[in-house]
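Source file: coords.pdb; contents: PDB, C-alpha atoms, pLDDT in the B column.
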ATOM      1  CA  ARG H   1     319.793 196.620  80.938  1.00 87.00           C
ATOM      2  CA  ASN H   2     320.842 193.060  80.158  1.00 88.00           C
ATOM      3  CA  GLU H   3     321.169 192.227  83.840  1.00 91.00           C
ATOM      4  CA  THR H   4     317.727 193.684  84.486  1.00 94.00           C
ATOM      5  CA  ILE H   5     316.269 191.616  81.647  1.00 94.00           C
ATOM      6  CA  ASP H   6     317.815 188.479  83.172  1.00 95.00           C
ATOM      7  CA  ALA H   7     316.482 189.360  86.630  1.00 96.00           C
ATOM      8  CA  PHE H   8     312.954 189.962  85.344  1.00 96.00           C
ATOM      9  CA  THR H   9     313.028 186.729  83.348  1.00 95.00           C
ATOM     10  CA  GLN H  10     314.241 184.699  86.328  1.00 96.00           C
ATOM     11  CA  GLY H  11     311.736 186.437  88.582  1.00 95.00           C
ATOM     12  CA  GLY H  12     308.812 185.394  86.430  1.00 95.00           C
ATOM     13  CA  ARG H  13     308.094 188.869  85.077  1.00 96.00           C
ATOM     14  CA  PRO H  14     308.248 188.385  81.287  1.00 95.00           C
ATOM     15  CA  GLU H  15     306.279 191.557  80.494  1.00 96.00           C
ATOM     16  CA  ASP H  16     308.832 193.696  82.355  1.00 96.00           C
ATOM     17  CA  ALA H  17     311.697 191.841  80.649  1.00 95.00           C
ATOM     18  CA  GLU H  18     310.126 192.556  77.262  1.00 96.00           C
ATOM     19  CA  GLN H  19     309.767 196.257  78.117  1.00 96.00           C
ATOM     20  CA  GLU H  20     313.465 196.388  79.032  1.00 96.00           C
ATOM     21  CA  ARG H  21     314.358 194.674  75.719  1.00 96.00           C
ATOM     22  CA  LEU H  22     312.386 197.304  73.797  1.00 96.00           C
ATOM     23  CA  GLU H  23     314.083 200.132  75.667  1.00 96.00           C
ATOM     24  CA  LEU H  24     317.492 198.534  75.103  1.00 94.00           C
ATOM     25  CA  THR H  25     316.824 198.376  71.368  1.00 93.00           C
ATOM     26  CA  ILE H  26     316.095 202.106  71.331  1.00 95.00           C
ATOM     27  CA  ILE H  27     319.134 202.996  73.432  1.00 93.00           C
ATOM     28  CA  GLU H  28     321.477 200.903  71.264  1.00 88.00           C
ATOM     29  CA  GLN H  29     320.625 203.077  68.270  1.00 91.00           C
ATOM     30  CA  TYR H  30     322.334 206.021  69.977  1.00 92.00           C
ATOM     31  CA  LEU H  31     325.421 204.190  71.240  1.00 86.00           C
ATOM     32  CA  PRO H  32     328.679 204.128  69.298  1.00 88.00           C
ATOM     33  CA  GLU H  33     329.297 200.981  67.284  1.00 90.00           C
ATOM     34  CA  GLN H  34     330.760 198.307  69.519  1.00 90.00           C
ATOM     35  CA  LEU H  35     334.158 196.779  68.805  1.00 94.00           C
ATOM     36  CA  GLY H  36     334.207 193.159  67.672  1.00 94.00           C
ATOM     37  CA  ARG H  37     335.838 190.389  69.646  1.00 94.00           C
ATOM     38  CA  GLU H  38     338.872 190.266  67.354  1.00 95.00           C
ATOM     39  CA  GLU H  39     339.438 194.007  67.752  1.00 95.00           C
ATOM     40  CA  LEU H  40     339.133 193.699  71.524  1.00 96.00           C
ATOM     41  CA  GLU H  41     341.542 190.778  71.622  1.00 96.00           C
ATOM     42  CA  ALA H  42     344.080 192.861  69.689  1.00 96.00           C
ATOM     43  CA  LEU H  43     343.654 195.758  72.145  1.00 96.00           C
ATOM     44  CA  VAL H  44     344.050 193.376  75.096  1.00 96.00           C
ATOM     45  CA  GLU H  45     347.197 191.820  73.663  1.00 96.00           C
ATOM     46  CA  GLU H  46     348.660 195.277  73.026  1.00 96.00           C
ATOM     47  CA  ALA H  47     347.782 196.368  76.575  1.00 96.00           C
ATOM     48  CA  ILE H  48     349.368 193.230  78.033  1.00 96.00           C
ATOM     49  CA  ALA H  49     352.560 193.966  76.117  1.00 96.00           C
ATOM     50  CA  ARG H  50     352.573 197.652  77.137  1.00 95.00           C
ATOM     51  CA  THR H  51     351.971 196.968  80.821  1.00 94.00           C
ATOM     52  CA  GLY H  52     354.207 193.911  81.022  1.00 94.00           C
ATOM     53  CA  ALA H  53     351.333 191.959  82.575  1.00 93.00           C
ATOM     54  CA  SER H  54     352.131 188.316  83.176  1.00 92.00           C
ATOM     55  CA  SER H  55     349.490 186.991  85.548  1.00 92.00           C
ATOM     56  CA  VAL H  56     345.851 187.364  86.566  1.00 91.00           C
ATOM     57  CA  GLN H  57     347.043 189.716  89.319  1.00 93.00           C
ATOM     58  CA  ASP H  58     347.750 192.304  86.591  1.00 94.00           C
ATOM     59  CA  THR H  59     344.158 192.223  85.311  1.00 94.00           C
ATOM     60  CA  GLY H  60     343.259 195.676  86.626  1.00 94.00           C
ATOM     61  CA  LYS H  61     346.129 197.418  84.844  1.00 94.00           C
ATOM     62  CA  VAL H  62     345.268 195.785  81.536  1.00 96.00           C
ATOM     63  CA  ILE H  63     341.517 196.419  81.800  1.00 96.00           C
ATOM     64  CA  GLY H  64     342.113 200.076  82.648  1.00 94.00           C
ATOM     65  CA  LEU H  65     344.281 200.599  79.584  1.00 95.00           C
ATOM     66  CA  VAL H  66     341.883 198.773  77.256  1.00 96.00           C
ATOM     67  CA  MET H  67     338.888 200.736  78.599  1.00 95.00           C
ATOM     68  CA  GLN H  68     340.717 203.993  77.811  1.00 94.00           C
ATOM     69  CA  GLN H  69     341.445 202.838  74.277  1.00 94.00           C
ATOM     70  CA  ALA H  70     337.947 201.444  73.657  1.00 93.00           C
ATOM     71  CA  LYS H  71     336.321 204.740  74.736  1.00 89.00           C
ATOM     72  CA  GLY H  72     332.832 203.392  75.402  1.00 86.00           C
ATOM     73  CA  ARG H  73     332.792 201.069  72.408  1.00 93.00           C
ATOM     74  CA  ALA H  74     333.078 197.872  74.434  1.00 93.00           C
ATOM     75  CA  ASP H  75     331.393 196.230  77.402  1.00 90.00           C
ATOM     76  CA  GLY H  76     333.662 196.084  80.434  1.00 91.00           C
ATOM     77  CA  LYS H  77     332.419 192.604  81.213  1.00 91.00           C
ATOM     78  CA  VAL H  78     333.597 191.337  77.809  1.00 94.00           C
ATOM     79  CA  ILE H  79     336.949 193.085  78.187  1.00 96.00           C
ATOM     80  CA  SER H  80     337.418 191.526  81.619  1.00 95.00           C
ATOM     81  CA  GLN H  81     336.627 188.080  80.248  1.00 95.00           C
ATOM     82  CA  ILE H  82     339.137 188.427  77.407  1.00 96.00           C
ATOM     83  CA  VAL H  83     341.845 189.757  79.734  1.00 96.00           C
ATOM     84  CA  ARG H  84     341.367 186.844  82.131  1.00 95.00           C
ATOM     85  CA  GLU H  85     341.522 184.363  79.233  1.00 95.00           C
ATOM     86  CA  LYS H  86     344.759 185.892  77.935  1.00 93.00           C
ATOM     87  CA  LEU H  87     346.418 186.074  81.355  1.00 94.00           C
ATOM     88  CA  SER H  88     345.438 182.582  82.476  1.00 89.00           C
TER      89      SER H  88
END

Could I get this structure in the form of structure tokens?
Amino acid sequence: RNETIDAFTQGGRPEDAEQERLELTIIEQYLPEQLGREELEALVEEAIARTGASSVQDTGKVIGLVMQQAKGRADGKVISQIVREKLS
């Protein structure tokens, strides 16, 4: 939904972007509570230790493990960003 909102905004379609925002607000009420950044960083650090990851090449292994542990309570894009920061 966020990507769609960005696309509509950049495409000069503010009314469609606003509709997407409204729908996103409704959908978020039914989603599990998202993990905070600190909680995600702790999961990433634990996953790095468990997998023995030492470089950006190990990103996939770490992300896979964190996604299993987060169980839908975190955005994959955020997890990927944190993993890349920690492995850089």

Selection in question (the file shown): the PyMOL selection byres ((chain H and resi 49) around 12). Which residues does it include, as a compact mmCIF listing (two decimals) with C-alpha atoms, in the coordinates of the input?
# COMPACT_ATOMS: atom_id res chain seq x y z
CA ALA H 42 344.08 192.86 69.69
CA LEU H 43 343.65 195.76 72.14
CA VAL H 44 344.05 193.38 75.10
CA GLU H 45 347.20 191.82 73.66
CA GLU H 46 348.66 195.28 73.03
CA ALA H 47 347.78 196.37 76.58
CA ILE H 48 349.37 193.23 78.03
CA ARG H 50 352.57 197.65 77.14
CA THR H 51 351.97 196.97 80.82
CA GLY H 52 354.21 193.91 81.02
CA ALA H 53 351.33 191.96 82.58
CA SER H 54 352.13 188.32 83.18
CA ASP H 58 347.75 192.30 86.59
CA LYS H 61 346.13 197.42 84.84
CA VAL H 62 345.27 195.78 81.54
CA LEU H 65 344.28 200.60 79.58
CA VAL H 66 341.88 198.77 77.26
CA LYS H 86 344.76 185.89 77.94
CA LEU H 87 346.42 186.07 81.36

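Atom pair atom CA of H:Ala70 / atom CA of H:Glu39 has a distance of 9.6 Å (rounded to one decimal).
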
*asked:* Residues proximal to (316.3, 198.0, 79.2) were defined as those with any atom within 8 Å of that point in the file's coordinates, counting all atoms listed in the file. Which are they, as a ChimeraX atom specification?
replied: /H:1-2,4-5,17,19-25

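With atom CA of H:Arg73 on one side and atom CA of H:Gln34 on the other, the separation reads 4.5 Å.
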
*Neighbours of point (328.0, 203.8, 72.5) within 6 Å, using only C-alpha atoms, written as JSON, numbers by chain*: {"H": [31, 32, 72, 73]}

*Could you work out how far atom CA of H:Thr59 lies from atom CA of H:Ser88, giving the answer in Å with one decimal?*
10.1 Å

*Long-range neighbours of H:Leu40 as a list of chain:residue names, 8 Å cut-off, all atoms listed in the file, 4 positions minimum in chain*: H:Leu35, H:Gly36, H:Val44, H:Ala74, H:Ile79, H:Ile82

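With all atoms listed in the file as the atoms that count, the residue of H:Glu85, H:Lys77, H:Gln57, H:Gln68 with the shortest distance to H:Glu3 is H:Lys77.
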